[in-house]
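Shown below: structure-v3.cif, with mmCIF, C-alpha atoms.
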```cif
data_entry
#
loop_
_atom_site.label_atom_id
_atom_site.label_comp_id
_atom_site.auth_asym_id
_atom_site.auth_seq_id
_atom_site.Cartn_x
_atom_site.Cartn_y
_atom_site.Cartn_z
CA MET V 1398 0.78 29.25 4.10
CA GLY V 1399 -2.29 28.95 1.88
CA ALA V 1400 -4.47 25.97 1.12
CA THR V 1401 -2.72 22.92 -0.27
CA PRO V 1402 -3.75 22.26 -3.90
CA ALA V 1403 -6.44 19.61 -4.26
CA LEU V 1404 -5.71 16.44 -6.21
CA ASP V 1405 -8.40 16.04 -8.88
CA ILE V 1406 -8.67 12.31 -9.56
CA ASP V 1407 -11.35 12.16 -12.27
CA PRO V 1408 -9.49 14.22 -14.92
CA LEU V 1409 -6.45 12.00 -14.35
CA LEU V 1410 -8.52 8.84 -14.88
CA ASP V 1411 -10.43 10.26 -17.85
CA ASP V 1412 -7.37 11.51 -19.76
CA PRO V 1413 -6.65 8.99 -22.56
CA ALA V 1414 -3.00 10.04 -22.40
CA THR V 1415 -2.78 8.50 -18.93
CA ARG V 1416 -1.78 4.88 -19.58
CA ILE V 1417 -0.16 3.83 -16.27
CA ILE V 1418 -0.97 4.81 -12.68
CA VAL V 1419 1.45 3.57 -10.03
CA CYS V 1420 0.24 3.53 -6.42
CA CYS V 1421 3.24 3.56 -4.16
CA GLY V 1422 3.99 4.15 -0.51
CA ALA V 1423 5.02 2.36 2.65
CA GLY V 1424 3.43 -0.94 3.63
CA GLY V 1425 0.05 -1.00 5.33
CA VAL V 1426 -1.25 2.38 4.13
CA GLY V 1427 -4.00 1.08 1.83
CA LYS V 1428 -2.26 0.92 -1.56
CA THR V 1429 -4.12 -2.21 -2.67
CA THR V 1430 -7.54 -0.78 -1.84
CA THR V 1431 -6.63 2.54 -3.46
CA ALA V 1432 -5.45 0.83 -6.65
CA ALA V 1433 -8.60 -1.31 -6.83
CA ALA V 1434 -10.87 1.68 -6.20
CA LEU V 1435 -9.13 3.66 -8.95
CA GLY V 1436 -9.55 0.73 -11.32
CA VAL V 1437 -13.28 0.44 -10.58
CA ARG V 1438 -13.87 4.18 -11.03
CA ALA V 1439 -11.85 4.39 -14.26
CA ALA V 1440 -13.66 1.36 -15.75
CA GLU V 1441 -17.07 2.74 -14.89
CA ARG V 1442 -16.09 6.04 -16.50
CA GLY V 1443 -15.25 4.31 -19.78
CA ARG V 1444 -11.63 3.13 -19.57
CA LYS V 1445 -10.44 -0.40 -20.33
CA VAL V 1446 -8.47 -1.11 -17.16
CA VAL V 1447 -6.28 -3.82 -15.69
CA VAL V 1448 -5.21 -3.70 -12.04
CA LEU V 1449 -1.93 -5.43 -11.19
CA THR V 1450 -1.65 -6.17 -7.47
CA ILE V 1451 1.25 -7.65 -5.57
CA ASP V 1452 -0.71 -8.09 -2.33
CA PRO V 1453 -0.45 -11.69 -1.04
CA ALA V 1454 -3.47 -11.24 1.26
CA ARG V 1455 -5.83 -11.65 -1.72
CA ARG V 1456 -8.12 -8.88 -0.44
CA LEU V 1457 -8.39 -7.52 -3.98
CA ALA V 1458 -9.80 -10.77 -5.33
CA GLN V 1459 -12.36 -10.93 -2.55
CA SER V 1460 -13.48 -7.33 -2.94
CA MET V 1461 -13.87 -7.79 -6.69
CA GLY V 1462 -15.87 -10.98 -6.38
CA ILE V 1463 -13.19 -13.17 -7.99
CA ASP V 1464 -12.49 -16.57 -6.46
CA GLU V 1465 -8.78 -16.29 -7.06
CA LEU V 1466 -6.32 -13.99 -8.77
CA ASP V 1467 -3.22 -15.30 -10.50
CA ASN V 1468 -0.66 -14.28 -13.10
CA THR V 1469 -3.35 -13.99 -15.81
CA PRO V 1470 -5.71 -10.97 -15.99
CA ARG V 1471 -9.29 -11.96 -15.16
CA ARG V 1472 -12.41 -10.00 -16.02
CA VAL V 1473 -14.25 -8.47 -13.05
CA LYS V 1474 -18.01 -8.93 -13.04
CA GLY V 1475 -20.44 -6.44 -11.55
CA ILE V 1476 -18.81 -3.39 -13.14
CA ASP V 1477 -21.16 -0.85 -14.72
CA GLU V 1478 -19.97 -0.99 -18.34
CA THR V 1479 -22.57 1.37 -19.83
CA ALA V 1480 -19.84 3.95 -20.47
CA GLY V 1481 -17.89 1.42 -22.54
CA GLY V 1482 -15.25 0.48 -19.98
CA GLU V 1483 -14.25 -2.82 -18.44
CA LEU V 1484 -12.06 -4.01 -15.61
CA SER V 1485 -9.61 -6.91 -15.31
CA ALA V 1486 -7.44 -7.79 -12.33
CA MET V 1487 -4.43 -9.99 -11.66
CA MET V 1488 -2.02 -10.76 -8.86
CA LEU V 1489 1.68 -11.07 -9.54
CA ASP V 1490 3.06 -14.58 -9.27
CA MET V 1491 6.71 -13.73 -8.81
CA LYS V 1492 8.12 -17.19 -9.56
CA ARG V 1493 5.81 -17.78 -12.53
CA THR V 1494 6.85 -14.45 -14.06
CA PHE V 1495 10.51 -15.38 -13.66
CA ASP V 1496 9.81 -18.79 -15.23
CA GLU V 1497 8.10 -17.11 -18.19
CA ILE V 1498 11.16 -14.94 -18.78
CA VAL V 1499 13.42 -17.99 -18.81
CA GLU V 1500 11.09 -19.92 -21.12
CA ALA V 1501 10.84 -16.95 -23.51
CA HIS V 1502 14.59 -16.32 -23.76
CA ALA V 1503 16.19 -19.78 -23.65
CA ASP V 1504 15.85 -22.92 -25.72
CA ALA V 1505 14.01 -25.91 -24.28
CA GLU V 1506 17.08 -27.74 -22.98
CA ARG V 1507 18.66 -24.71 -21.32
CA SER V 1508 15.29 -23.59 -20.00
CA ARG V 1509 14.75 -26.94 -18.31
CA ALA V 1510 18.24 -26.87 -16.80
CA ILE V 1511 17.60 -23.42 -15.34
CA LEU V 1512 14.10 -24.13 -14.01
CA GLU V 1513 15.27 -27.33 -12.28
CA ASN V 1514 18.35 -25.70 -10.75
CA PRO V 1515 18.05 -25.45 -6.92
CA PHE V 1516 19.74 -22.04 -6.79
CA TYR V 1517 17.36 -20.66 -9.43
CA GLN V 1518 14.38 -21.98 -7.47
CA SER V 1519 15.57 -20.12 -4.37
CA LEU V 1520 16.37 -16.98 -6.35
CA SER V 1521 13.01 -16.89 -8.14
CA ALA V 1522 11.05 -17.52 -4.96
CA GLY V 1523 12.60 -15.12 -2.51
CA PHE V 1524 15.78 -13.31 -3.51
CA ALA V 1525 15.83 -9.74 -2.18
CA GLY V 1526 14.44 -7.44 -4.84
CA THR V 1527 13.07 -10.21 -7.05
CA GLN V 1528 9.43 -9.33 -6.32
CA GLU V 1529 9.92 -5.69 -7.22
CA TYR V 1530 11.88 -6.61 -10.34
CA MET V 1531 9.18 -9.04 -11.48
CA ALA V 1532 6.51 -6.41 -10.86
CA MET V 1533 8.42 -4.18 -13.30
CA GLU V 1534 8.73 -7.08 -15.75
CA LYS V 1535 5.00 -7.78 -15.61
CA LEU V 1536 4.19 -4.09 -16.05
CA GLY V 1537 6.37 -4.04 -19.17
CA GLN V 1538 4.62 -7.14 -20.51
CA LEU V 1539 1.14 -5.70 -19.95
CA ARG V 1540 2.06 -2.41 -21.60
CA ALA V 1541 3.59 -4.20 -24.59
CA ARG V 1542 0.36 -6.16 -25.19
CA ASP V 1543 -1.53 -2.86 -25.62
CA GLU V 1544 -4.75 -4.67 -24.67
CA TRP V 1545 -5.73 -2.12 -21.99
CA ASP V 1546 -5.71 1.64 -22.19
CA LEU V 1547 -5.00 2.02 -18.45
CA ILE V 1548 -2.82 -0.09 -16.14
CA VAL V 1549 -3.08 0.51 -12.39
CA VAL V 1550 -0.14 -0.90 -10.43
CA ASP V 1551 -0.22 -1.72 -6.73
CA THR V 1552 3.46 -1.77 -5.77
CA PRO V 1553 4.85 -4.53 -3.53
CA PRO V 1554 4.57 -4.33 0.23
CA SER V 1555 8.11 -3.59 1.39
CA ARG V 1556 10.09 -1.96 4.15
CA SER V 1557 10.58 1.13 2.04
CA ALA V 1558 8.49 2.59 -0.76
CA LEU V 1559 11.73 3.30 -2.62
CA ASP V 1560 12.39 -0.43 -3.04
CA PHE V 1561 10.10 -0.50 -6.08
CA LEU V 1562 12.42 1.89 -7.93
CA ASP V 1563 15.68 0.53 -6.56
CA ALA V 1564 15.16 -3.24 -6.85
CA PRO V 1565 15.45 -3.62 -10.65
CA LYS V 1566 18.80 -1.85 -10.62
CA ARG V 1567 19.95 -3.89 -7.63
CA LEU V 1568 19.04 -7.18 -9.30
CA GLY V 1569 20.65 -6.03 -12.54
CA SER V 1570 23.79 -5.03 -10.67
CA PHE V 1571 23.87 -8.42 -8.96
CA LEU V 1572 23.56 -10.29 -12.25
CA ASP V 1573 26.21 -8.08 -13.86
CA GLY V 1574 28.40 -7.89 -10.77
CA LYS V 1575 31.90 -9.11 -10.06
CA PHE V 1576 30.72 -12.10 -8.03
CA ILE V 1577 28.70 -13.46 -10.95
CA ARG V 1578 31.52 -12.72 -13.41
CA VAL V 1579 33.97 -14.66 -11.24
CA LEU V 1580 31.61 -17.64 -11.17
CA MET V 1581 31.13 -17.38 -14.94
CA ALA V 1582 34.85 -17.31 -15.71
CA PRO V 1583 35.50 -21.09 -15.66
CA ALA V 1584 32.57 -21.78 -17.96
CA LYS V 1585 33.70 -19.06 -20.34
CA VAL V 1586 37.25 -20.43 -20.55
CA GLY V 1587 35.99 -23.98 -21.04
CA GLY V 1588 37.60 -27.43 -21.13
CA ARG V 1589 40.89 -28.24 -19.43
CA ALA V 1590 41.98 -24.65 -19.55
CA GLY V 1591 38.87 -23.75 -17.62
CA MET V 1592 39.49 -26.44 -15.04
CA LYS V 1593 43.10 -25.33 -14.73
CA PHE V 1594 41.96 -21.75 -14.29
CA LEU V 1595 39.48 -22.84 -11.65
CA ASN V 1596 41.96 -25.07 -9.82
CA VAL V 1597 44.86 -22.61 -9.83
CA GLY V 1598 43.49 -19.08 -10.11
CA MET V 1599 40.36 -19.61 -8.03
CA SER V 1600 41.26 -22.36 -5.61
CA MET V 1601 41.44 -20.02 -2.63
CA MET V 1602 38.24 -18.20 -3.54
CA THR V 1603 36.19 -21.32 -4.25
CA GLY V 1604 37.51 -22.92 -1.08
CA THR V 1605 36.29 -19.95 0.93
CA LEU V 1606 32.98 -19.87 -0.92
CA SER V 1607 32.52 -23.58 -0.36
CA LYS V 1608 32.90 -23.06 3.37
CA LEU V 1609 30.48 -20.13 3.35
CA MET V 1610 27.92 -21.52 0.94
CA GLY V 1611 28.52 -25.24 1.02
CA GLY V 1612 30.05 -27.18 -1.85
CA GLN V 1613 26.74 -28.26 -3.38
CA LEU V 1614 25.29 -24.75 -3.28
CA LEU V 1615 28.40 -23.36 -4.96
CA ARG V 1616 28.09 -25.95 -7.74
CA ASP V 1617 24.38 -25.10 -8.12
CA VAL V 1618 25.23 -21.41 -8.41
CA GLN V 1619 27.93 -22.05 -10.99
CA THR V 1620 25.60 -24.27 -13.02
CA PHE V 1621 22.88 -21.61 -12.83
CA VAL V 1622 25.28 -18.86 -13.90
CA ALA V 1623 26.55 -20.90 -16.84
CA ALA V 1624 22.99 -21.61 -18.04
CA MET V 1625 21.87 -18.00 -17.56
CA ASP V 1626 24.96 -16.46 -19.17
CA THR V 1627 23.22 -15.39 -22.37
CA MET V 1628 20.23 -13.94 -20.48
CA PHE V 1629 21.95 -11.60 -18.03
CA GLY V 1630 22.09 -8.70 -20.44
CA GLY V 1631 18.39 -9.07 -21.16
CA PHE V 1632 17.45 -8.52 -17.53
CA ARG V 1633 19.22 -5.19 -17.44
CA THR V 1634 17.88 -4.16 -20.86
CA ARG V 1635 14.28 -4.86 -19.87
CA ALA V 1636 14.70 -3.19 -16.50
CA ASP V 1637 16.06 -0.07 -18.20
CA ALA V 1638 13.18 -0.12 -20.73
CA THR V 1639 10.55 -0.36 -17.99
CA TYR V 1640 12.30 2.38 -16.03
CA ARG V 1641 12.05 4.67 -19.06
CA LEU V 1642 8.37 3.69 -19.36
CA LEU V 1643 7.85 4.89 -15.80
CA GLN V 1644 9.45 8.22 -16.71
CA ALA V 1645 7.23 8.68 -19.77
CA PRO V 1646 4.48 11.36 -19.80
CA GLY V 1647 1.74 8.68 -19.92
CA THR V 1648 2.64 7.48 -16.41
CA ALA V 1649 1.36 9.03 -13.18
CA PHE V 1650 2.63 8.22 -9.70
CA LEU V 1651 0.28 8.48 -6.74
CA VAL V 1652 1.88 8.30 -3.31
CA VAL V 1653 -0.46 6.73 -0.75
CA ALA V 1654 0.08 7.46 2.93
CA ALA V 1655 -1.75 7.32 6.22
CA PRO V 1656 -1.85 10.49 8.38
CA GLU V 1657 0.92 9.12 10.57
CA ARG V 1658 4.42 10.41 11.11
CA ASP V 1659 6.39 7.48 9.68
CA ALA V 1660 4.11 7.02 6.66
CA LEU V 1661 4.24 10.71 5.73
CA ARG V 1662 8.00 10.86 6.26
CA GLU V 1663 8.28 7.95 3.81
CA ALA V 1664 5.94 9.80 1.44
CA ALA V 1665 8.13 12.91 1.64
CA TYR V 1666 11.23 10.88 0.75
CA PHE V 1667 9.40 9.28 -2.15
CA VAL V 1668 8.19 12.63 -3.52
CA GLU V 1669 11.77 13.90 -3.47
CA ARG V 1670 13.05 10.73 -5.15
CA LEU V 1671 10.45 10.95 -7.93
CA ALA V 1672 11.48 14.53 -8.57
CA ALA V 1673 15.15 13.55 -8.67
CA GLU V 1674 14.39 10.72 -11.14
CA GLU V 1675 12.21 13.06 -13.25
CA MET V 1676 9.21 10.77 -12.93
CA PRO V 1677 5.68 12.16 -13.39
CA PHE V 1678 4.12 12.68 -9.98
CA ALA V 1679 0.36 13.33 -9.69
CA GLY V 1680 -0.10 13.83 -5.97
CA LEU V 1681 -0.64 12.39 -2.51
CA VAL V 1682 -3.56 10.24 -1.37
CA LEU V 1683 -3.92 10.72 2.38
CA ASN V 1684 -5.79 7.62 3.41
CA ARG V 1685 -7.86 6.69 6.49
CA VAL V 1686 -8.28 10.25 7.74
CA HIS V 1687 -10.48 10.50 10.84
CA GLY V 1688 -13.25 13.02 11.31
CA SER V 1689 -15.80 14.08 13.91
CA GLY V 1690 -19.47 14.91 13.80
CA ALA V 1691 -18.99 17.55 16.50
CA PRO V 1692 -15.72 19.35 15.76
CA GLN V 1693 -16.87 22.46 17.62
CA LEU V 1694 -16.66 20.57 20.95
CA SER V 1695 -13.00 20.63 21.92
CA ALA V 1696 -11.26 17.79 23.73
CA GLU V 1697 -10.71 20.03 26.77
CA ARG V 1698 -14.38 20.96 27.08
CA ALA V 1699 -15.45 17.34 26.59
CA LEU V 1700 -13.12 16.13 29.35
CA ALA V 1701 -14.24 18.90 31.70
CA ALA V 1702 -17.88 17.97 31.14
CA ALA V 1703 -17.09 14.29 31.75
CA GLU V 1704 -15.37 15.14 35.05
CA ASN V 1705 -18.36 17.22 36.14
CA LEU V 1706 -20.68 14.32 35.43
CA ASP V 1707 -18.45 11.94 37.40
CA GLU V 1708 -18.43 14.29 40.38
CA GLY V 1709 -22.14 15.06 40.17
CA GLY V 1710 -21.32 18.73 39.90
CA ILE V 1711 -23.93 19.60 37.29
CA VAL V 1712 -26.61 17.04 38.11
CA ASP V 1713 -29.77 17.76 40.10
CA GLN V 1714 -30.12 15.40 43.02
CA GLY V 1715 -33.60 16.41 44.20
CA ALA V 1716 -37.11 15.33 43.44
CA GLY V 1717 -36.81 16.50 39.86
CA ASN V 1718 -35.25 13.19 38.95
CA ALA V 1719 -38.26 11.31 40.25
CA GLY V 1720 -40.52 13.59 38.30
CA VAL V 1721 -38.68 12.82 35.09
CA ARG V 1722 -38.94 9.13 35.86
CA ASP V 1723 -42.64 9.31 36.63
CA SER V 1724 -43.44 11.34 33.52
CA SER V 1725 -42.03 8.60 31.29
CA ALA V 1726 -43.70 5.67 33.10
CA PRO V 1727 -46.45 3.93 31.11
CA SER V 1728 -48.42 2.98 34.23
CA PRO V 1729 -48.71 4.05 37.88
CA PRO V 1730 -45.99 2.73 40.20
CA ALA V 1731 -46.62 -0.44 42.15
CA GLU V 1732 -47.74 -0.19 45.73
CA PRO V 1733 -44.83 0.18 48.18
CA THR V 1734 -43.95 -2.66 50.51
CA PRO V 1735 -44.32 -2.11 54.22
CA ASP V 1736 -40.58 -1.48 54.54
CA GLU V 1737 -40.27 1.26 51.93
CA THR V 1738 -41.91 4.58 51.38
CA PRO V 1739 -42.71 6.05 47.96
CA GLU V 1740 -40.11 8.75 48.55
CA SER V 1741 -37.28 6.34 49.34
CA ARG V 1742 -38.19 3.97 46.48
CA GLY V 1743 -38.60 6.66 43.83
CA GLY V 1744 -35.54 8.59 44.94
CA SER V 1745 -33.16 5.62 44.84
CA GLU V 1746 -34.40 4.34 41.49
CA GLY V 1747 -34.29 7.82 40.00
CA ARG V 1748 -30.77 8.43 41.19
CA SER V 1749 -29.65 5.02 39.88
CA GLY V 1750 -31.17 5.60 36.45
CA THR V 1751 -29.78 9.11 36.25
CA ARG V 1752 -26.37 7.90 37.35
CA SER V 1753 -26.23 5.29 34.58
CA VAL V 1754 -27.07 7.99 32.02
CA GLU V 1755 -24.37 10.22 33.52
CA GLN V 1756 -21.78 7.45 33.27
CA LEU V 1757 -22.72 6.68 29.67
CA THR V 1758 -22.57 10.38 28.76
CA ALA V 1759 -19.21 10.80 30.49
CA GLY V 1760 -17.84 7.80 28.60
CA LEU V 1761 -19.03 9.22 25.28
CA LEU V 1762 -17.46 12.58 26.10
CA ARG V 1763 -14.13 10.88 26.83
CA LEU V 1764 -14.33 8.96 23.53
CA HIS V 1765 -14.98 12.26 21.75
CA ALA V 1766 -11.97 13.82 23.49
CA GLU V 1767 -9.77 10.93 22.34
CA ARG V 1768 -11.07 11.35 18.78
CA MET V 1769 -10.33 15.09 18.85
CA HIS V 1770 -6.79 14.36 20.04
CA VAL V 1771 -6.39 11.94 17.11
CA LEU V 1772 -7.67 14.59 14.70
CA ALA V 1773 -5.28 17.19 16.06
CA ARG V 1774 -2.33 14.80 15.80
CA GLU V 1775 -3.23 13.85 12.21
CA GLN V 1776 -3.56 17.51 11.23
CA ARG V 1777 -0.20 18.42 12.76
CA THR V 1778 1.43 15.49 10.93
CA ARG V 1779 -0.21 16.48 7.65
CA ASP V 1780 0.89 20.08 8.04
CA ARG V 1781 4.49 19.01 8.58
CA PHE V 1782 4.33 17.31 5.19
CA THR V 1783 2.68 20.27 3.44
CA ALA V 1784 5.24 22.62 4.98
CA LEU V 1785 7.97 20.59 3.27
CA HIS V 1786 6.04 20.14 0.00
CA PRO V 1787 3.41 22.87 -0.38
CA GLU V 1788 3.25 22.21 -4.12
CA VAL V 1789 2.02 18.61 -3.77
CA ALA V 1790 -1.67 18.14 -4.59
CA VAL V 1791 -3.50 16.16 -1.90
CA THR V 1792 -6.78 14.30 -1.64
CA GLU V 1793 -7.99 12.99 1.70
CA VAL V 1794 -9.93 9.73 2.07
CA ALA V 1795 -12.09 9.50 5.17
CA ALA V 1796 -11.68 6.32 7.21
CA LEU V 1797 -14.49 3.83 6.77
CA PRO V 1798 -16.04 2.13 9.81
CA GLY V 1799 -15.08 -1.34 8.52
CA ASP V 1800 -12.93 -3.18 5.99
CA VAL V 1801 -13.62 -3.00 2.26
CA HIS V 1802 -14.78 -6.41 1.06
CA ASP V 1803 -16.86 -5.82 -2.08
CA LEU V 1804 -17.36 -3.57 -5.11
CA ALA V 1805 -19.70 -1.31 -3.17
CA GLY V 1806 -16.92 -0.64 -0.67
CA LEU V 1807 -14.45 0.07 -3.48
CA ARG V 1808 -16.94 2.53 -5.02
CA ALA V 1809 -17.27 4.26 -1.65
CA ILE V 1810 -13.48 4.64 -1.49
CA ALA V 1811 -13.44 5.88 -5.10
CA ASP V 1812 -16.07 8.51 -4.29
CA ARG V 1813 -13.93 9.76 -1.43
CA LEU V 1814 -10.84 9.76 -3.65
CA ALA V 1815 -12.62 11.93 -6.22
CA ALA V 1816 -14.06 14.38 -3.68
CA ARG V 1817 -12.14 17.49 -4.66
CA GLU V 1818 -11.52 19.60 -1.56
CA ALA V 1819 -8.55 21.81 -0.82
CA VAL V 1820 -6.68 20.95 2.37
CA GLU V 1821 -6.53 23.89 4.76
CA PRO V 1822 -3.58 24.30 7.13
CA VAL V 1823 -4.18 24.12 10.87
CA GLU V 1824 -3.24 27.28 12.76
CA SER V 1825 -1.92 25.46 15.82
CA ALA V 1826 0.37 23.27 13.74
CA ARG V 1827 2.12 26.03 11.82
CA SER V 1828 4.83 26.45 14.42
CA ASP V 1829 5.81 22.75 14.33
CA HIS V 1830 9.20 22.03 12.85
CA PRO V 1831 9.41 20.09 9.54
CA MET V 1832 9.42 16.32 9.57
CA GLY V 1833 12.66 14.90 10.80
#
```

For this file, write the structure as structure tokens.
Amino acid sequence: MGATPALDIDPLLDDPATRIIVCCGAGGVGKTTTAAALGVRAAERGRKVVVLTIDPARRLAQSMGIDELDNTPRRVKGIDETAGGELSAMMLDMKRTFDEIVEAHADAERSRAILENPFYQSLSAGFAGTQEYMAMEKLGQLRARDEWDLIVVDTPPSRSALDFLDAPKRLGSFLDGKFIRVLMAPAKVGGRAGMKFLNVGMSMMTGTLSKLMGGQLLRDVQTFVAAMDTMFGGFRTRADATYRLLQAPGTAFLVVAAPERDALREAAYFVERLAAEEMPFAGLVLNRVHGSGAPQLSAERALAAAENLDEGGIVDQGAGNAGVRDSSAPSPPAEPTPDETPESRGGSEGRSGTRSVEQLTAGLLRLHAERMHVLAREQRTRDRFTALHPEVAVTEVAALPGDVHDLAGLRAIADRLAAREAVEPVESARSDHPMG
């Protein structure tokens, strides 16, 4: 197996044909930071960029020096705009986006009835899949405005990275489904005929639903369905339009993963799904990769050296220690007390000082051994992924010592993203079976 192809970030950002970059992956792998870093780098290379984040932790706002992000794009200060670019950022307000859809596609009276409906308020605030659907809606709105030449999307944190692609269809299926159609039937028939239909044809069903949902909730749902009747088709139409936008050549998907088994298994599934859906896939960002300043010292040798230090096996115990101590002393030693001789005093202090150095060195060697074990595990996990998908271009981002909290940190991440190095396979990991 040869070297994995390197993912070259800068040509992707610089290409004017690239209009949308979608950062996707499992939760907790650094998608938000990656999306923000890409936005900063693209803006400082001359693109007019907006970053859409769905991260409720508001880390993006803090790192970009913005007091608060909301549903409106806000200009980011501190960006080097000498190349002609600029950067804006926003955070998806799921309920506000849903409200905007209702207000845009219903008259004032119907809009008010929908927005005040208790079932709608629950649906817009937390229905499964609503966040992902609204992220797609907002992406479609931003693209339609044509105000930015690059949109970077940070997909919602979710149990599965595939939820971003599946949720719009799930919500559309729910709104077009049999359950909704049954609830719509009385309103469609209307008048006494409708009441007769409801009382006779649906008495058993509504009785069961009332027990399951509660009578008031069932009435809220039916009122909501009746008010939303003319809008249901629009949800599916817009979802389909945004889905086609994601399949267009101007879109690029970046899968973000940590060098961990579960995250890379999720990444492998997502790569396969993107291929099945014929969506443009750019490559894999392997985030928070650990390194070592002394890779030539193996974990085994480090542990053996630490054990020798603990046992005193390679440490001189004679007068040499006192000599080392005396050579570093700034002044002659104090006079000994009547109860101690120079030999006993110097020997004990020398051994104590040497022993503390030995213990510190042994501890550092053990930390190094643990780090080398982490590196080996990450490399084996990475090689399982590349064995399954040798064609996927990869860029590795070295782990930073602390959290990213400002533009300087985002630039540091961006520099690591753009460092173009091929990923070499690890000999010892080649025999491992594929991810399963």

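Closest approach to Asp1780 (chain V) from the set V:Pro1656, V:Pro1677, V:Gly1799, V:Gly1688 is made by V:Pro1656, with distances taken over all atoms listed in the file.
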
_Residues selected by the PyMOL selection byres ((chain V and resi 1499) around 12), written as an MDAnalysis selection string_ = chainID V and resid 1492:1498 1500:1513 1517 1521 1621 1624:1629 1631:1632

_Selection under test: the PyMOL selection byres ((chain V and resi 1444-1453) around 9); residues as an MDAnalysis selection string_ = chainID V and resid 1410:1411 1413 1429 1432:1433 1435:1443 1454:1457 1470:1472 1480:1491 1528 1532 1535:1536 1539 1544:1554

*Would you please work out which residue, of V:Pro1408, V:Gly1427, V:Pro1402, V:Gly1422, is nearest to Ala1660 (chain V) when using all atoms listed in the file?*
V:Gly1422

_As a check of understanding, name the residues that the PyMOL selection byres ((chain V and resi 1699) around 12) selects in the supplied structure, as number ranges by chain._
V: 1691-1698, 1700-1706, 1758-1770

Given 4 Å of margin on each side, can you work out the centre and size in Å (one decimal) of an axis-aligned box holding every listed atom of region 1531-1543 of chain V, as lines of an AutoDock Vina configuration file?
```
center_x = 3.8
center_y = -5.7
center_z = -18.2
size_x = 18.7
size_y = 14.6
size_z = 22.8
```

*Which is closest to Ile1418 (chain V) among V:Val1754, V:Arg1779, V:Leu1651, V:Gly1537, if we use all atoms listed in the file?*
V:Leu1651

_Residue nearest Val1668 (chain V) among V:Leu1562, V:Val1426, V:Val1789, V:Ala1403 (counting only C-alpha atoms)_ =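 The closest residue to Val1668 (chain V) is V:Val1789.
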
_Best match for closeness to Tyr1666 (chain V) among V:Val1473, V:Val1618, V:Ala1815, V:Leu1785, counting all atoms listed in the file_ =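 Closest to Tyr1666 (chain V) of all the choices is V:Leu1785.
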
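CA of Ile1810 (chain V) to CA of Thr1431 (chain V) spans 7.4 Å [interatomic distance, one decimal].
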
*Distance of CA of Asp1800 (chain V) from CA of Phe1561 (chain V), expressed in Å to one decimal place*: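 These two atoms are separated by 26.1 Å.
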
*Counting all atoms listed in the file, figure out which residue out of V:Ala1809, V:Leu1643, V:Leu1520, V:Leu1409 gets nearest to Gly1680 (chain V).*
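Looking only at the distances to Gly1680 (chain V), the closest residue turns out to be V:Leu1409.
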
*asked:* Taking (-2.9, 11.1, 14.2) in the coordinates of the supplied file, I want to know which residues reach to within 10 Å of it, counting all atoms listed in the file; could you give the answer as a PyMOL selection string?
replied: chain V and resi 1655-1658+1686-1687+1768-1779

*Atomic distance CA of Ala1636 (chain V) - CA of Val1419 (chain V), expressed in Å with one decimal*: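 So the answer is 16.2 Å.
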